[in-house]
file structure-v3.cif (mmCIF, C-alpha atoms)
data_data
#
loop_
_atom_site.group_PDB
_atom_site.id
_atom_site.type_symbol
_atom_site.label_atom_id
_atom_site.label_comp_id
_atom_site.auth_asym_id
_atom_site.auth_seq_id
_atom_site.Cartn_x
_atom_site.Cartn_y
_atom_site.Cartn_z
ATOM 1 C CA MET S 1 40.518 46.303 22.845
ATOM 2 C CA ASN S 2 43.262 48.599 24.176
ATOM 3 C CA ALA S 3 43.075 52.359 23.585
ATOM 4 C CA PRO S 4 45.618 53.864 21.162
ATOM 5 C CA ASN S 5 48.659 55.661 22.529
ATOM 6 C CA THR S 6 47.140 59.081 21.904
ATOM 7 C CA ASN S 7 44.089 58.688 24.133
ATOM 8 C CA PRO S 8 44.185 60.569 27.434
ATOM 9 C CA CYS S 9 43.948 58.701 30.694
ATOM 10 C CA ASN S 10 44.723 59.142 34.379
ATOM 11 C CA ASP S 11 47.706 57.345 35.881
ATOM 12 C CA GLY S 12 46.604 58.281 39.425
ATOM 13 C CA ASN S 13 49.652 60.469 39.995
ATOM 14 C CA ALA S 14 48.828 64.187 40.185
ATOM 15 C CA CYS S 15 52.529 64.968 39.718
ATOM 16 C CA THR S 16 52.405 63.905 36.052
ATOM 17 C CA GLN S 17 50.746 66.540 33.892
ATOM 18 C CA THR S 18 50.368 64.534 30.672
ATOM 19 C CA ASP S 19 48.983 60.995 30.896
ATOM 20 C CA THR S 20 48.450 58.845 27.790
ATOM 21 C CA CYS S 21 47.502 55.267 27.097
ATOM 22 C CA ASN S 22 50.402 53.050 26.134
ATOM 23 C CA GLY S 23 48.417 50.864 23.727
ATOM 24 C CA VAL S 24 48.704 47.703 25.845
ATOM 25 C CA GLY S 25 46.200 48.561 28.554
ATOM 26 C CA GLY S 26 48.340 50.874 30.687
ATOM 27 C CA CYS S 27 48.387 54.570 31.391
ATOM 28 C CA VAL S 28 51.755 56.324 31.350
ATOM 29 C CA GLY S 29 52.369 59.673 33.004
ATOM 30 C CA SER S 30 54.839 62.205 31.641
ATOM 31 C CA ASN S 31 55.623 65.925 31.861
ATOM 32 C CA PRO S 32 56.259 65.837 35.626
ATOM 33 C CA VAL S 33 55.600 68.802 37.899
ATOM 34 C CA VAL S 34 58.928 70.507 38.626
ATOM 35 C CA CYS S 35 59.080 71.980 42.119
ATOM 36 C CA GLY S 36 61.075 75.161 42.585
ATOM 37 C CA GLY S 37 62.773 76.859 45.484
ATOM 38 C CA GLY S 38 66.044 74.976 45.292
ATOM 39 C CA ASP S 39 69.378 76.767 45.543
ATOM 40 C CA GLN S 40 72.855 76.103 46.903
ATOM 41 C CA CYS S 41 71.504 75.827 50.478
ATOM 42 C CA ASN S 42 68.030 74.392 49.843
ATOM 43 C CA ASP S 43 66.782 71.308 48.050
ATOM 44 C CA PRO S 44 63.699 72.021 45.923
ATOM 45 C CA GLY S 45 60.316 71.001 47.242
ATOM 46 C CA THR S 46 58.846 67.637 46.272
ATOM 47 C CA CYS S 47 55.569 67.001 44.470
ATOM 48 C CA SER S 48 52.791 65.155 46.326
ATOM 49 C CA PRO S 49 51.351 62.463 43.997
ATOM 50 C CA GLY S 50 47.928 62.831 45.654
ATOM 51 C CA THR S 51 47.541 66.584 45.154
ATOM 52 C CA GLY S 52 50.132 67.629 42.578
ATOM 53 C CA THR S 53 51.339 70.421 44.872
ATOM 54 C CA CYS S 54 54.925 71.069 45.893
ATOM 55 C CA SER S 55 56.221 71.081 49.436
ATOM 56 C CA PRO S 56 58.386 73.995 50.614
ATOM 57 C CA PRO S 57 62.136 73.757 49.894
ATOM 58 C CA THR S 58 64.165 71.763 52.426
ATOM 59 C CA PRO S 59 67.339 73.305 53.881
ATOM 60 C CA LYS S 60 70.501 71.347 53.108
ATOM 61 C CA PRO S 61 72.514 70.172 56.147
ATOM 62 C CA ASN S 62 74.328 72.886 58.085
ATOM 63 C CA GLY S 63 77.960 72.979 57.013
ATOM 64 C CA THR S 64 77.242 72.295 53.325
ATOM 65 C CA ALA S 65 79.712 74.301 51.222
ATOM 66 C CA CYS S 66 78.310 77.274 49.322
ATOM 67 C CA SER S 67 79.341 80.706 48.046
ATOM 68 C CA ASP S 68 77.981 83.895 49.610
ATOM 69 C CA SER S 69 79.312 85.892 46.608
ATOM 70 C CA ASN S 70 81.548 87.882 48.954
ATOM 71 C CA ALA S 71 85.175 87.348 47.959
ATOM 72 C CA CYS S 72 86.199 88.755 51.348
ATOM 73 C CA THR S 73 85.048 85.632 53.190
ATOM 74 C CA GLN S 74 87.116 82.454 52.931
ATOM 75 C CA THR S 75 84.793 79.855 54.407
ATOM 76 C CA ASP S 76 81.167 79.837 53.263
ATOM 77 C CA VAL S 77 78.700 77.247 54.572
ATOM 78 C CA CYS S 78 74.955 76.786 54.680
ATOM 79 C CA GLU S 79 73.324 77.511 58.038
ATOM 80 C CA GLY S 80 69.568 77.029 58.280
ATOM 81 C CA GLY S 81 69.102 77.318 54.513
ATOM 82 C CA THR S 82 71.173 80.508 54.155
ATOM 83 C CA CYS S 83 74.730 80.771 52.859
ATOM 84 C CA THR S 84 76.881 82.365 55.543
ATOM 85 C CA GLY S 85 80.413 83.560 54.912
ATOM 86 C CA THR S 86 83.067 83.476 57.605
ATOM 87 C CA ALA S 87 86.794 83.891 58.052
ATOM 88 C CA TYR S 88 87.877 87.199 56.557
ATOM 89 C CA SER S 89 91.159 87.113 54.712
ATOM 90 C CA TRP S 90 93.639 88.919 56.951
ATOM 91 C CA SER S 91 97.360 89.305 57.580
ATOM 92 C CA GLY S 92 97.422 88.127 61.168
ATOM 93 C CA VAL S 93 99.064 90.434 63.698
ATOM 94 C CA LEU S 94 101.807 92.643 62.303
ATOM 95 C CA ALA S 95 105.124 93.732 63.845
ATOM 96 C CA PRO S 96 106.076 94.563 66.482
ATOM 97 C CA ILE S 97 103.891 91.716 67.807
ATOM 98 C CA LYS S 98 105.033 88.268 66.707
ATOM 99 C CA ALA S 99 102.354 85.694 65.899
ATOM 100 C CA ASP S 100 104.372 82.943 67.616
ATOM 101 C CA GLY S 101 103.856 84.547 71.046
ATOM 102 C CA SER S 102 107.537 85.406 71.584
ATOM 103 C CA SER S 103 107.049 89.201 71.837
ATOM 104 C CA VAL S 104 108.337 90.883 75.010
ATOM 105 C CA PHE S 105 107.480 94.485 75.921
ATOM 106 C CA ASN S 106 108.380 96.763 78.823
ATOM 107 C CA LEU S 107 105.749 97.758 81.349
ATOM 108 C CA GLY S 108 104.513 101.279 80.777
ATOM 109 C CA ALA S 109 105.067 101.085 77.019
ATOM 110 C CA LYS S 110 102.382 101.410 74.368
ATOM 111 C CA ILE S 111 102.164 98.355 72.144
ATOM 112 C CA PRO S 112 100.957 99.070 68.594
ATOM 113 C CA VAL S 113 98.635 96.200 67.680
ATOM 114 C CA LYS S 114 98.150 96.119 63.896
ATOM 115 C CA PHE S 115 96.691 93.958 61.158
ATOM 116 C CA ARG S 116 95.538 94.249 57.546
ATOM 117 C CA LEU S 117 92.647 92.803 55.669
ATOM 118 C CA THR S 118 93.995 90.997 52.599
ATOM 119 C CA GLY S 119 92.770 89.580 49.309
ATOM 120 C CA ALA S 120 89.338 90.842 48.331
ATOM 121 C CA CYS S 121 88.986 92.372 51.818
ATOM 122 C CA ALA S 122 91.965 94.720 51.353
ATOM 123 C CA GLY S 123 91.171 98.407 51.533
ATOM 124 C CA ASN S 124 87.916 97.915 53.455
ATOM 125 C CA PRO S 125 87.698 100.885 55.859
ATOM 126 C CA ASN S 126 84.378 99.780 57.374
ATOM 127 C CA LEU S 127 85.373 96.758 59.449
ATOM 128 C CA VAL S 128 84.418 96.942 63.115
ATOM 129 C CA ALA S 129 87.097 95.025 65.016
ATOM 130 C CA ASN S 130 87.482 94.754 68.781
ATOM 131 C CA ILE S 131 90.628 94.240 70.838
ATOM 132 C CA TYR S 132 90.770 92.536 74.221
ATOM 133 C CA PHE S 133 93.785 92.375 76.541
ATOM 134 C CA TYR S 134 93.860 90.166 79.620
ATOM 135 C CA LYS S 135 96.382 88.444 81.858
ATOM 136 C CA LEU S 136 96.964 84.703 81.657
ATOM 137 C CA PRO S 137 95.857 82.534 83.226
ATOM 138 C CA SER S 138 92.527 84.267 82.692
ATOM 139 C CA THR S 139 90.978 85.675 85.835
ATOM 140 C CA GLY S 140 87.680 86.732 84.338
ATOM 141 C CA GLY S 141 86.840 89.443 81.880
ATOM 142 C CA PRO S 142 89.220 91.518 79.782
ATOM 143 C CA VAL S 143 91.299 94.211 81.450
ATOM 144 C CA THR S 144 91.425 96.405 78.359
ATOM 145 C CA GLN S 145 89.136 96.487 75.392
ATOM 146 C CA GLY S 146 88.520 98.853 72.539
ATOM 147 C CA LEU S 147 88.003 99.296 68.814
ATOM 148 C CA PHE S 148 90.663 99.248 66.126
ATOM 149 C CA GLU S 149 90.974 102.329 63.926
ATOM 150 C CA TYR S 150 91.549 102.187 60.190
ATOM 151 C CA ASN S 151 94.605 103.992 58.771
ATOM 152 C CA ALA S 152 93.935 104.505 55.060
ATOM 153 C CA SER S 153 97.496 105.515 54.138
ATOM 154 C CA ALA S 154 98.890 102.270 55.585
ATOM 155 C CA ASP S 155 95.772 100.233 54.688
ATOM 156 C CA GLN S 156 95.782 98.688 58.146
ATOM 157 C CA TYR S 157 93.848 98.610 61.381
ATOM 158 C CA SER S 158 95.653 99.608 64.571
ATOM 159 C CA PHE S 159 95.203 100.084 68.298
ATOM 160 C CA ASN S 160 97.810 101.566 70.675
ATOM 161 C CA LEU S 161 97.621 99.317 73.697
ATOM 162 C CA SER S 162 98.755 100.957 76.930
ATOM 163 C CA THR S 163 100.498 98.713 79.468
ATOM 164 C CA LYS S 164 100.679 101.449 82.127
ATOM 165 C CA GLY S 165 99.578 100.146 85.509
ATOM 166 C CA LEU S 166 99.679 96.485 84.497
ATOM 167 C CA SER S 167 101.887 93.729 85.927
ATOM 168 C CA THR S 168 104.642 91.544 84.515
ATOM 169 C CA GLY S 169 103.730 88.180 83.043
ATOM 170 C CA THR S 170 102.014 86.664 80.029
ATOM 171 C CA TRP S 171 99.104 88.536 78.511
ATOM 172 C CA ALA S 172 96.671 87.640 75.752
ATOM 173 C CA VAL S 173 95.820 89.994 72.908
ATOM 174 C CA GLY S 174 92.430 89.053 71.472
ATOM 175 C CA ILE S 175 91.236 90.357 68.098
ATOM 176 C CA ASP S 176 87.619 89.907 67.050
ATOM 177 C CA LEU S 177 86.853 90.658 63.382
ATOM 178 C CA HIS S 178 83.193 89.640 63.883
ATOM 179 C CA ASP S 179 83.446 87.185 60.991
ATOM 180 C CA GLY S 180 82.158 84.058 62.686
ATOM 181 C CA VAL S 181 85.609 82.700 63.548
ATOM 182 C CA GLY S 182 85.709 83.960 67.124
ATOM 183 C CA ILE S 183 88.459 85.870 68.869
ATOM 184 C CA ARG S 184 91.947 85.345 67.466
ATOM 185 C CA VAL S 185 94.496 85.305 70.276
ATOM 186 C CA VAL S 186 98.251 85.933 70.384
ATOM 187 C CA THR S 187 100.266 86.143 73.596
ATOM 188 C CA VAL S 188 102.839 88.734 74.647
ATOM 189 C CA ARG S 189 105.027 89.037 77.731
ATOM 190 C CA LEU S 190 105.377 92.151 79.833
ATOM 191 C CA ARG S 191 108.543 92.699 81.880
#
call {"tool": "encode", "arguments": {"input": "structure-v3.cif", "output": "structure tokens"}}
result
Amino acid sequence: MNAPNTNPCNDGNACTQTDTCNGVGGCVGSNPVVCGGGDQCNDPGTCSPGTGTCSPPTPKPNGTACSDSNACTQTDVCEGGTCTGTAYSWSGVLAPIKADGSSVFNLGAKIPVKFRLTGACAGNPNLVANIYFYKLPSTGGPVTQGLFEYNASADQYSFNLSTKGLSTGTWAVGIDLHDGVGIRVVTVRLR
């Protein structure tokens, strides 16, 4: 005779916490173990039927979209199980430099290189941004490098780039916001 549905039994799966007879000779497991540790960049662990224990969480593939809860970053992706934000919202280079590379300056002049952080990044005085200036085609390392300064009244970052002692030709202005995007480059000509 088969046991009633209320009798306990063992279905052989340690991941089910409540096992009861089904009244027709079988044992049915229910109330499964729920493994934790899952989040936007990690899948939760899985339960081992032999032991009833959970494995550690498994990182989702690198590049999976996520949110780092920082409105300043535009592109957030999972990297090694951690949400990493990149690509600060910014204005691009501001006048007098033209983003299309058509700017021409006289040798010996100082070129004001400027940009703003925009969106949720606007008004951030704590950004550390580097500038690099080198002749094209590139002959090695940068000729000039330095740090942008924040001007609170204009809400912009600026660097006065000296062209004294340089030569005519096409030069690259590189701006590194240290936001995972790499160095943003715009060209200028010196005459």
call {"tool": "closest_residue", "arguments": {"input": "structure-v3.cif", "among": "S:Thr86, S:Ser30, S:Thr20, S:Asn7", "to": "Gly182 of chain S", "atoms": "all atoms listed in the file"}}
result
S:Thr86
call {"tool": "residues_near_point", "arguments": {"input": "structure-v3.cif", "point": "(50.7, 66.0, 41.6)", "cutoff": "8 Å", "atoms": "all atoms listed in the file", "output": "list in words"}}
result
Asn13, Ala14, Cys15, Thr16, Gln17, Val33, Cys47, Ser48, Pro49, Gly50, Thr51, Gly52, Thr53 and Cys54 of chain S
call {"tool": "resolve_selection", "arguments": {"input": "structure-v3.cif", "expression": "the PyMOL selection byres ((chain S and resi 172) around 8)", "output": "list in words"}}
result
Tyr132, Phe133, Tyr134, Lys135, Leu136, Thr170, Trp171, Val173, Gly174, Val185, Val186, Thr187 and Val188 of chain S
call {"tool": "resolve_selection", "arguments": {"input": "structure-v3.cif", "expression": "the PyMOL selection byres ((chain S and resi 103) around 10)", "output": "NGL selection string"}}
result
:S and (95-102 or 104-105 or 170 or 186-190)
call {"tool": "resolve_selection", "arguments": {"input": "structure-v3.cif", "expression": "the PyMOL selection byres ((chain S and resi 26) around 9)", "output": "list of chain:residue names"}}
result
S:Asn2, S:Ala3, S:Cys9, S:Asp11, S:Thr20, S:Cys21, S:Asn22, S:Gly23, S:Val24, S:Gly25, S:Cys27, S:Val28
call {"tool": "write_last_selection", "arguments": {"input": "structure-v3.cif", "atoms": "C-alpha atoms", "output": "mmCIF file, in the frame of the given file"}}
result
data_model
loop_
_atom_site.group_PDB
_atom_site.id
_atom_site.type_symbol
_atom_site.label_atom_id
_atom_site.label_comp_id
_atom_site.auth_asym_id
_atom_site.auth_seq_id
_atom_site.Cartn_x
_atom_site.Cartn_y
_atom_site.Cartn_z
ATOM 1 C CA ASN S 2 43.262 48.599 24.176
ATOM 2 C CA ALA S 3 43.075 52.359 23.585
ATOM 3 C CA CYS S 9 43.948 58.701 30.694
ATOM 4 C CA ASP S 11 47.706 57.345 35.881
ATOM 5 C CA THR S 20 48.450 58.845 27.790
ATOM 6 C CA CYS S 21 47.502 55.267 27.097
ATOM 7 C CA ASN S 22 50.402 53.050 26.134
ATOM 8 C CA GLY S 23 48.417 50.864 23.727
ATOM 9 C CA VAL S 24 48.704 47.703 25.845
ATOM 10 C CA GLY S 25 46.200 48.561 28.554
ATOM 11 C CA CYS S 27 48.387 54.570 31.391
ATOM 12 C CA VAL S 28 51.755 56.324 31.350
#
call {"tool": "residues_near_point", "arguments": {"input": "structure-v3.cif", "point": "(74.9, 71.5, 51.7)", "cutoff": "9 Å", "atoms": "all atoms listed in the file", "output": "list in words"}}
result
Gln40, Cys41, Asn42, Asp43, Pro59, Lys60, Pro61, Asn62, Gly63, Thr64, Ala65, Cys66, Val77, Cys78, Glu79 and Gly81 of chain S
call {"tool": "residues_around", "arguments": {"input": "structure-v3.cif", "residues": "segment 175-178 of chain S", "least_positions_apart": "3", "cutoff": "8 Å", "atoms": "only C-alpha atoms", "output": "ChimeraX atom specification"}}
result
/S:88,127-132,181-185
call {"tool": "atom_distance", "arguments": {"input": "structure-v3.cif", "atom1": "atom CA of Ser138 of chain S", "atom2": "atom CA of Lys164 of chain S"}}
result
19.0 Å
call {"tool": "atom_distance", "arguments": {"input": "structure-v3.cif", "atom1": "atom CA of Gly180 of chain S", "atom2": "atom CA of Thr163 of chain S"}}
result
28.9 Å
call {"tool": "atom_distance", "arguments": {"input": "structure-v3.cif", "atom1": "atom CA of Gln74 of chain S", "atom2": "atom CA of Val93 of chain S"}}
result
18.0 Å
call {"tool": "residues_around", "arguments": {"input": "structure-v3.cif", "residues": "Thr46 of chain S", "least_positions_apart": "4", "cutoff": "8 Å", "atoms": "all atoms listed in the file", "output": "PyMOL selection string"}}
result
chain S and resi 35+54-57
call {"tool": "closest_residue", "arguments": {"input": "structure-v3.cif", "among": "S:Pro8, S:Gly146, S:Gly80, S:Gly38", "to": "Ser158 of chain S", "atoms": "only C-alpha atoms"}}
result
S:Gly146
call {"tool": "closest_residue", "arguments": {"input": "structure-v3.cif", "among": "S:Thr58, S:Asn151, S:Thr84, S:Ser167", "to": "Ala109 of chain S", "atoms": "all atoms listed in the file"}}
result
S:Ser167
